[in-house]
file final_10.cif (mmCIF, C-alpha atoms and all ligand atoms)
data_my_file
#
loop_
_atom_site.label_atom_id
_atom_site.label_comp_id
_atom_site.auth_asym_id
_atom_site.auth_seq_id
_atom_site.Cartn_x
_atom_site.Cartn_y
_atom_site.Cartn_z
CA MET A 1 4.80 25.11 2.31
CA LYS A 2 5.77 23.91 5.75
CA TYR A 3 3.99 20.97 7.30
CA ARG A 4 5.04 20.43 10.88
CA VAL A 5 2.47 17.98 12.21
CA LEU A 6 1.41 14.69 10.66
CA GLY A 7 -2.01 13.41 11.68
CA VAL A 8 -2.84 9.73 11.32
CA VAL A 9 -6.44 8.56 11.22
CA GLY A 10 -6.42 4.77 11.74
CA CYS A 11 -3.26 3.22 13.17
CA GLY A 12 -3.43 -0.13 11.34
CA ASN A 13 -0.92 -2.07 9.27
CA MET A 14 -0.34 0.42 6.48
CA ALA A 15 -0.13 3.39 8.84
CA TYR A 16 2.43 1.41 10.86
CA ALA A 17 4.62 0.86 7.79
CA LEU A 18 4.41 4.52 6.78
CA VAL A 19 5.05 5.96 10.26
CA LYS A 20 7.94 3.53 10.81
CA GLY A 21 9.57 4.64 7.57
CA LEU A 22 9.00 8.30 8.30
CA THR A 23 10.44 8.14 11.80
CA GLN A 24 13.55 6.41 10.44
CA SER A 25 13.96 8.89 7.58
CA ARG A 26 14.91 12.52 7.38
CA PHE A 27 11.34 13.58 6.79
CA ASP A 28 11.09 16.28 9.37
CA PHE A 29 7.70 16.27 11.05
CA GLU A 30 7.96 17.88 14.47
CA THR A 31 5.11 15.77 15.81
CA ILE A 32 2.94 12.89 14.71
CA VAL A 33 -0.52 12.73 16.24
CA GLY A 34 -2.82 9.76 15.83
CA PHE A 35 -6.17 8.27 16.64
CA ASP A 36 -7.56 4.76 16.36
CA VAL A 37 -10.79 3.34 17.74
CA ASN A 38 -8.66 0.48 19.08
CA PRO A 39 -6.66 1.84 22.06
CA ALA A 40 -4.10 -0.99 21.76
CA ARG A 41 -3.07 0.26 18.30
CA LEU A 42 -2.75 3.80 19.54
CA ASN A 43 -0.65 2.61 22.45
CA LEU A 44 1.60 0.65 20.09
CA PHE A 45 2.19 3.78 17.96
CA ARG A 46 2.95 5.80 21.08
CA GLN A 47 5.44 3.26 22.39
CA GLU A 48 7.18 2.50 19.12
CA PHE A 49 7.15 5.85 17.32
CA SER A 50 6.36 8.42 20.04
CA VAL A 51 3.11 9.22 18.25
CA LYS A 52 1.03 11.58 20.36
CA PRO A 53 -2.31 9.87 20.98
CA VAL A 54 -5.38 12.10 20.78
CA SER A 55 -8.95 11.19 21.63
CA SER A 56 -10.78 11.63 18.33
CA ASN A 57 -10.39 11.91 14.58
CA GLN A 58 -11.47 15.55 14.91
CA GLU A 59 -8.46 16.25 17.09
CA VAL A 60 -6.19 14.63 14.52
CA ALA A 61 -7.66 16.88 11.84
CA GLU A 62 -7.39 19.93 14.07
CA GLN A 63 -3.76 19.40 15.02
CA GLY A 64 -2.42 17.81 11.83
CA ASP A 65 -1.10 19.82 8.89
CA ILE A 66 -1.08 16.68 6.75
CA ILE A 67 -3.81 14.18 7.60
CA VAL A 68 -3.42 10.59 6.40
CA LEU A 69 -6.64 8.62 6.15
CA ALA A 70 -5.60 5.01 6.81
CA VAL A 71 -8.92 3.41 7.75
CA LYS A 72 -10.70 0.81 5.61
CA PRO A 73 -12.53 2.11 2.52
CA GLY A 74 -15.94 1.47 4.12
CA GLN A 75 -15.07 3.87 6.98
CA ILE A 76 -13.85 6.76 4.86
CA ARG A 77 -17.19 8.52 4.41
CA GLN A 78 -18.00 8.43 8.14
CA VAL A 79 -14.51 9.61 9.11
CA LEU A 80 -14.71 12.47 6.61
CA GLU A 81 -18.09 13.53 8.04
CA GLU A 82 -16.44 13.59 11.49
CA VAL A 83 -13.46 15.70 10.49
CA LYS A 84 -14.71 17.94 7.68
CA ASP A 85 -15.33 20.99 9.88
CA LYS A 86 -11.65 20.98 10.88
CA LEU A 87 -10.31 20.82 7.33
CA THR A 88 -9.06 24.05 5.85
CA SER A 89 -7.38 24.84 2.54
CA ASP A 90 -3.95 25.07 4.23
CA LYS A 91 -4.13 21.42 5.30
CA LEU A 92 -3.39 18.45 3.09
CA LEU A 93 -5.53 15.32 3.08
CA VAL A 94 -3.89 12.06 2.00
CA SER A 95 -5.98 8.93 1.49
CA ILE A 96 -4.55 5.45 1.04
CA ALA A 97 -7.97 3.76 0.91
CA ALA A 98 -8.48 1.32 -1.94
CA GLY A 99 -11.11 2.36 -4.47
CA ILE A 100 -11.93 5.74 -2.91
CA SER A 101 -11.60 8.54 -5.48
CA THR A 102 -10.40 12.04 -4.74
CA SER A 103 -13.73 13.34 -6.10
CA LEU A 104 -15.64 11.32 -3.48
CA ILE A 105 -13.36 12.74 -0.78
CA GLU A 106 -13.75 16.28 -2.11
CA GLU A 107 -17.51 15.83 -2.29
CA VAL A 108 -17.69 15.05 1.45
CA ALA A 109 -14.76 17.14 2.77
CA GLY A 110 -15.34 20.15 0.51
CA SER A 111 -13.49 21.09 -2.66
CA HIS A 112 -11.37 23.69 -0.84
CA VAL A 113 -9.33 20.89 0.78
CA PRO A 114 -6.31 19.63 -1.22
CA VAL A 115 -6.50 15.85 -1.56
CA ILE A 116 -3.87 13.35 -2.68
CA ARG A 117 -4.69 9.69 -3.22
CA VAL A 118 -1.94 7.11 -2.70
CA MET A 119 -1.81 3.35 -3.25
CA PRO A 120 1.15 1.92 -1.32
CA ASN A 121 1.78 -1.76 -0.53
CA THR A 122 2.90 -3.71 2.54
CA PRO A 123 6.61 -3.98 1.59
CA CYS A 124 6.69 -0.31 2.68
CA LEU A 125 7.29 -1.86 6.11
CA VAL A 126 10.79 -2.89 5.03
CA GLY A 127 11.44 0.18 2.87
CA ARG A 128 10.75 -1.73 -0.37
CA GLY A 129 7.24 -0.52 -1.17
CA ILE A 130 5.92 0.89 -4.40
CA SER A 131 3.40 3.70 -4.05
CA ALA A 132 1.37 5.32 -6.81
CA ILE A 133 0.15 8.85 -6.18
CA ALA A 134 -2.50 10.96 -7.89
CA ALA A 135 -3.70 14.47 -7.07
CA GLY A 136 -7.27 15.64 -6.65
CA THR A 137 -8.53 18.77 -8.41
CA GLY A 138 -7.68 21.09 -5.51
CA ALA A 139 -4.12 19.83 -4.99
CA SER A 140 -1.08 21.50 -6.52
CA VAL A 141 2.20 20.12 -7.83
CA GLU A 142 3.75 21.21 -4.51
CA HIS A 143 1.22 19.12 -2.58
CA GLU A 144 2.09 16.15 -4.78
CA GLU A 145 5.81 16.74 -4.18
CA VAL A 146 5.39 16.69 -0.41
CA VAL A 147 3.44 13.43 -0.49
CA ALA A 148 5.91 11.88 -2.95
CA ARG A 149 8.72 12.72 -0.52
CA MET A 150 6.77 11.20 2.38
CA PHE A 151 6.21 7.90 0.61
CA ALA A 152 9.78 7.88 -0.72
CA ALA A 153 10.72 7.21 2.92
CA VAL A 154 9.21 3.72 2.53
CA GLY A 155 10.08 2.79 -1.05
CA GLU A 156 9.60 3.94 -4.62
CA VAL A 157 6.98 6.40 -5.78
CA CYS A 158 5.26 6.77 -9.17
CA ARG A 159 2.92 9.56 -10.15
CA VAL A 160 -0.01 8.23 -12.14
CA PRO A 161 -3.26 9.57 -13.58
CA GLU A 162 -6.01 8.82 -11.07
CA SER A 163 -7.77 6.70 -13.71
CA TYR A 164 -4.98 4.11 -13.22
CA MET A 165 -5.53 3.77 -9.48
CA ASP A 166 -7.89 0.78 -9.46
CA ALA A 167 -5.52 -1.11 -11.78
CA VAL A 168 -2.51 -0.19 -9.62
CA THR A 169 -4.41 -1.37 -6.54
CA ALA A 170 -5.10 -4.72 -8.23
CA LEU A 171 -1.48 -5.17 -9.32
CA SER A 172 0.92 -3.67 -6.78
CA GLY A 173 -1.44 -2.98 -3.85
CA SER A 174 -2.71 -6.55 -3.70
CA GLY A 175 0.31 -8.05 -5.49
CA PRO A 176 2.41 -8.99 -2.44
CA ALA A 177 -0.33 -11.45 -1.48
CA TYR A 178 -0.12 -13.12 -4.89
CA ILE A 179 3.62 -13.61 -4.46
CA TYR A 180 3.22 -15.00 -0.92
CA LEU A 181 0.80 -17.52 -2.38
CA VAL A 182 3.32 -18.43 -5.07
CA ALA A 183 6.00 -18.84 -2.35
CA GLU A 184 3.70 -21.11 -0.36
CA ALA A 185 2.76 -23.14 -3.43
CA MET A 186 6.42 -23.56 -4.44
CA SER A 187 7.33 -24.66 -0.90
CA ASP A 188 4.54 -27.25 -0.81
CA ALA A 189 5.56 -28.49 -4.24
CA GLY A 190 9.12 -28.97 -2.92
CA VAL A 191 7.76 -30.88 0.07
CA GLU A 192 5.79 -33.10 -2.30
CA VAL A 193 8.97 -34.17 -4.10
CA GLY A 194 10.66 -35.00 -0.81
CA LEU A 195 12.32 -31.90 0.65
CA PRO A 196 12.04 -31.15 4.38
CA ARG A 197 9.60 -28.23 4.88
CA ASP A 198 12.16 -25.70 6.21
CA LEU A 199 14.54 -26.39 3.36
CA ALA A 200 11.73 -26.18 0.79
CA ARG A 201 10.65 -22.79 2.18
CA LEU A 202 14.21 -21.45 2.18
CA MET A 203 14.72 -22.62 -1.41
CA ALA A 204 11.43 -21.08 -2.57
CA LEU A 205 12.07 -17.75 -0.82
CA LYS A 206 15.68 -17.37 -1.97
CA THR A 207 14.72 -18.38 -5.50
CA ILE A 208 12.06 -15.66 -5.64
CA ALA A 209 14.45 -13.11 -4.10
CA GLY A 210 17.25 -14.12 -6.50
CA ALA A 211 14.97 -13.93 -9.54
CA VAL A 212 13.76 -10.46 -8.49
CA ALA A 213 17.38 -9.34 -8.04
CA MET A 214 18.23 -10.68 -11.52
CA MET A 215 15.43 -8.62 -13.07
CA GLU A 216 16.47 -5.52 -11.13
CA VAL A 217 20.24 -5.80 -11.53
CA THR A 218 20.45 -6.97 -15.16
CA GLY A 219 17.46 -4.95 -16.35
CA LYS A 220 16.73 -7.81 -18.76
CA HIS A 221 13.19 -8.66 -19.79
CA PRO A 222 11.76 -11.52 -17.69
CA ALA A 223 11.22 -13.60 -20.84
CA VAL A 224 14.95 -13.39 -21.69
CA LEU A 225 15.95 -14.39 -18.16
CA ARG A 226 13.47 -17.27 -18.27
CA GLU A 227 15.00 -18.52 -21.53
CA ASP A 228 18.45 -18.47 -19.86
CA VAL A 229 17.19 -20.99 -17.28
CA THR A 230 15.47 -23.19 -19.82
CA SER A 231 17.78 -25.82 -21.35
CA PRO A 232 16.49 -27.66 -24.44
CA GLY A 233 14.92 -30.93 -23.37
CA GLY A 234 15.71 -30.12 -19.73
CA THR A 235 13.87 -29.88 -16.45
CA THR A 236 12.71 -26.26 -16.66
CA ILE A 237 10.83 -26.60 -19.93
CA ALA A 238 9.05 -29.63 -18.48
CA GLY A 239 7.99 -27.57 -15.44
CA LEU A 240 7.05 -24.51 -17.50
CA ARG A 241 4.86 -26.59 -19.78
CA GLU A 242 2.89 -27.77 -16.75
CA LEU A 243 2.45 -24.19 -15.51
CA GLU A 244 1.24 -23.01 -18.93
CA GLU A 245 -1.09 -25.98 -19.40
CA ASN A 246 -2.51 -25.43 -15.95
CA GLY A 247 -3.32 -21.82 -16.73
CA LEU A 248 -0.83 -19.78 -14.67
CA ARG A 249 -1.10 -16.76 -16.97
CA LYS A 250 -4.86 -17.05 -17.17
CA ALA A 251 -5.03 -17.21 -13.38
CA PHE A 252 -3.03 -13.96 -13.09
CA PHE A 253 -5.12 -12.21 -15.75
CA ARG A 254 -8.26 -13.20 -13.91
CA ALA A 255 -6.93 -12.37 -10.44
CA VAL A 256 -5.79 -8.87 -11.39
CA ARG A 257 -9.02 -8.17 -13.30
CA ARG A 258 -11.16 -9.33 -10.38
CA ALA A 259 -9.14 -7.24 -7.89
CA PHE A 260 -9.46 -4.25 -10.28
CA GLU A 261 -13.25 -4.70 -10.39
CA ARG A 262 -13.33 -5.07 -6.61
CA SER A 263 -11.43 -1.80 -6.19
CA MET A 264 -14.07 -0.07 -8.32
CA GLU A 265 -16.84 -1.71 -6.28
CA LEU A 266 -15.27 -0.43 -3.03
CA GLY A 267 -15.48 3.09 -4.44
CA ARG A 268 -19.19 2.78 -5.24
CA ARG A 269 -20.37 1.80 -1.76
N1 LIG B 301 -3.03 -3.72 3.72
C1 LIG B 301 -2.60 -3.39 2.52
O1 LIG B 301 -1.87 -4.15 1.86
C2 LIG B 301 -2.97 -2.07 1.93
C3 LIG B 301 -4.02 -1.34 2.44
N2 LIG B 301 -4.36 -0.15 1.85
C4 LIG B 301 -5.46 0.63 2.38
O2 LIG B 301 -5.05 1.11 3.64
C5 LIG B 301 -6.18 1.28 4.49
C6 LIG B 301 -5.88 0.62 5.82
O3 LIG B 301 -5.63 -0.74 5.58
P1 LIG B 301 -4.87 -1.62 6.66
O4 LIG B 301 -3.83 -0.82 7.34
O5 LIG B 301 -4.50 -2.87 5.97
O6 LIG B 301 -6.08 -1.92 7.65
P2 LIG B 301 -6.06 -2.16 9.22
O7 LIG B 301 -7.35 -2.83 9.54
O8 LIG B 301 -4.78 -2.78 9.63
O9 LIG B 301 -6.11 -0.65 9.78
C7 LIG B 301 -7.25 0.13 9.90
C8 LIG B 301 -7.24 0.76 11.29
O10 LIG B 301 -8.31 1.69 11.37
C9 LIG B 301 -8.85 1.61 12.68
N3 LIG B 301 -10.19 2.21 12.64
C10 LIG B 301 -11.35 1.63 12.29
N4 LIG B 301 -12.35 2.53 12.34
C11 LIG B 301 -11.80 3.71 12.71
C12 LIG B 301 -12.31 5.01 12.93
N5 LIG B 301 -13.60 5.29 12.75
N6 LIG B 301 -11.45 5.98 13.31
C13 LIG B 301 -10.12 5.71 13.50
N7 LIG B 301 -9.59 4.49 13.32
C14 LIG B 301 -10.41 3.51 12.92
C15 LIG B 301 -8.81 0.15 13.02
O11 LIG B 301 -8.89 -0.07 14.42
C16 LIG B 301 -7.46 -0.26 12.42
O12 LIG B 301 -6.40 -0.16 13.35
C17 LIG B 301 -7.37 0.66 3.77
O13 LIG B 301 -8.20 1.67 3.29
C18 LIG B 301 -6.75 -0.13 2.63
O14 LIG B 301 -7.57 -0.13 1.48
C19 LIG B 301 -3.65 0.38 0.82
C20 LIG B 301 -2.59 -0.30 0.31
C21 LIG B 301 -2.19 -1.60 0.77
O1 LIG B 302 -7.09 -5.93 0.06
C1 LIG B 302 -7.28 -4.70 0.06
O2 LIG B 302 -8.41 -4.23 -0.14
C2 LIG B 302 -6.13 -3.77 0.32
C3 LIG B 302 -5.91 -2.80 -0.81
C4 LIG B 302 -4.65 -3.24 -1.49
C5 LIG B 302 -4.10 -4.26 -0.60
N1 LIG B 302 -4.90 -4.50 0.40
#
call {"tool": "encode", "arguments": {"input": "final_10.cif", "output": "structure tokens", "more": "lines below"}}
Ligand SMILES: NC(=O)C1=CN([C@@H]2O[C@H](COP(=O)(O)OP(=O)(O)OC[C@H]3O[C@@H](n4cnc5c(N)ncnc54)[C@H](O)[C@@H]3O)[C@@H](O)[C@H]2O)C=CC1
Ligand SMILES: O=C(O)[C@@H]1CCC=N1
result
Amino acid sequence: MKYRVLGVVGCGNMAYALVKGLTQSRFDFETIVGFDVNPARLNLFRQEFSVKPVSSNQEVAEQGDIIVLAVKPGQIRQVLEEVKDKLTSDKLLVSIAAGISTSLIEEVAGSHVPVIRVMPNTPCLVGRGISAIAAGTGASVEHEEVVARMFAAVGEVCRVPESYMDAVTALSGSGPAYIYLVAEAMSDAGVEVGLPRDLARLMALKTIAGAVAMMEVTGKHPAVLREDVTSPGGTTIAGLRELEENGLRKAFFRAVRRAFERSMELGRR
């Protein structure tokens, strides 16, 4: 299968991360065409990535061999209605919309169109994303391979059963925001005990980055690494006790469950 033209419907944040990664990688699209209702976004994509701007989603679907749907979940149905007449079985439709199932897409676009659903995350912008991919009923292993290679340009890729997608969305799709909140909270906590703000932020950020590197490089379980930091009767156990008593784990359980439910709600609209 040879896909020469990538079509991008919706040139927002996630499309930016993906197109940036693709243009810097060896993934060999001859052309990338795009449309966005906001001309400024389209202009940005033209200037930064030489994306060819077209004047409608239909044109993207007509010219693209692979069409990435990167609009908000609430716009997917309307966009599919616009483009469905241009979709043939030799094209490949890729949706990154949270909560939107491949069966919903097939229902509107027609079951002859191969559909792959992907849940990436914003670290794709710096090549450190994690994307889960799942195939619709009309997509083959080859279709999955092509999309896996595309998203490998912006980070790691996991193939998952589609039934995992709402959970993946709640954990890794939304997850960067949870960690930014932790970084902010740690910085403020450092300020509270007397550190200048810039220093507190640097310490928080480098501590998170260092801890992530420790988990990646050593391959040790986080609980083992945590024990290594925790001296008997020392400072860390005093801090950890506060986090446990204030419900850190409970807060994460609840956050991920609520985001999971929200992903399912987005798919029902
Ligand atoms: N932001 C994130 O962390 C992630 C987002 N996603 C999914 O990616 C999709 C896009 O999200 P973002 O890039 O964050 O949103 P965004 O708001 O940055 O991008 C959406 C773009 O679509 C454009 N648009 C709106 N209506 C349109 C239409 N009818 N035709 C063409 N373009 C239209 C908007 O002008 C905007 O530029 C969403 O479905 C979201 O669920 C998936 C993984 C992570
Ligand atoms: O907040 C959202 O709905 C999107 C999906 C995952 C991350 N951002």
call {"tool": "closest_residue", "arguments": {"input": "final_10.cif", "among": "A:Ala153, A:Ala204, A:Ala40, A:Met215", "to": "Glu184 of chain A", "atoms": "all atoms listed in the file"}}
result
A:Ala204
call {"tool": "closest_residue", "arguments": {"input": "final_10.cif", "among": "A:Met165, A:Met214, A:Val147, A:Ile66", "to": "ligand LIG 301 (chain B)", "atoms": "all atoms listed in the file"}}
result
A:Met165
call {"tool": "residues_near_ligand", "arguments": {"input": "final_10.cif", "ligand": "ligand LIG 302 (chain B)", "cutoff": "7 Å", "atoms": "only C-alpha atoms and all ligand atoms", "output": "VMD selection string"}}
result
chain A and resid 98 121 169 to 170 173 to 174
call {"tool": "residues_around", "arguments": {"input": "final_10.cif", "residues": "Thr88 of chain A", "least_positions_apart": "6", "cutoff": "9 Å", "atoms": "all atoms listed in the file", "output": "PDB file with C-alpha atoms, in the frame of the given file"}}
result
ATOM      1  CA  HIS A 112     -11.370  23.690  -0.840  1.00  0.00           C
ATOM      2  CA  VAL A 113      -9.330  20.890   0.780  1.00  0.00           C
ATOM      3  CA  PRO A 114      -6.310  19.630  -1.220  1.00  0.00           C
TER       4      PRO A 114
END
call {"tool": "atom_distance", "arguments": {"input": "final_10.cif", "atom1": "atom CA of Ile116 of chain A", "atom2": "atom CA of Leu92 of chain A"}}
result
7.7 Å
call {"tool": "residues_around", "arguments": {"input": "final_10.cif", "residues": "Glu81 of chain A", "least_positions_apart": "5", "cutoff": "9 Å", "atoms": "only C-alpha atoms", "output": "ChimeraX atom specification"}}
result
/A:76,108-109
call {"tool": "residues_near_ligand", "arguments": {"input": "final_10.cif", "ligand": "ligand LIG 301 (chain B)", "cutoff": "8 Å", "atoms": "all atoms listed in the file", "output": "number ranges by chain"}}
result
A: 9-16, 35-38, 41, 56-57, 69-76, 78-79, 95-99, 118-122, 169, 173-174, 176
call {"tool": "atom_distance", "arguments": {"input": "final_10.cif", "atom1": "atom CA of Gly234 of chain A", "atom2": "atom CA of Asp198 of chain A"}}
result
26.6 Å
call {"tool": "atom_distance", "arguments": {"input": "final_10.cif", "atom1": "atom CA of Ile130 of chain A", "atom2": "atom CA of Gly34 of chain A"}}
result
23.8 Å
call {"tool": "axis_aligned_box", "arguments": {"input": "final_10.cif", "around": "segment 187-193 of chain A", "padding_each_side": "5 Å", "output": "JSON"}}
result
{"center_x": 6.8, "center_y": -29.4, "center_z": -2.1, "size_x": 14.6, "size_y": 19.5, "size_z": 14.3}
call {"tool": "closest_residue", "arguments": {"input": "final_10.cif", "among": "A:His221, A:Arg77, A:Lys52, A:Lys20", "to": "Arg268 of chain A", "atoms": "only C-alpha atoms"}}
result
A:Arg77
call {"tool": "closest_residue", "arguments": {"input": "final_10.cif", "among": "A:Val19, A:Leu44, A:Ile105, A:Leu195", "to": "Gly267 of chain A", "atoms": "only C-alpha atoms"}}
result
A:Ile105
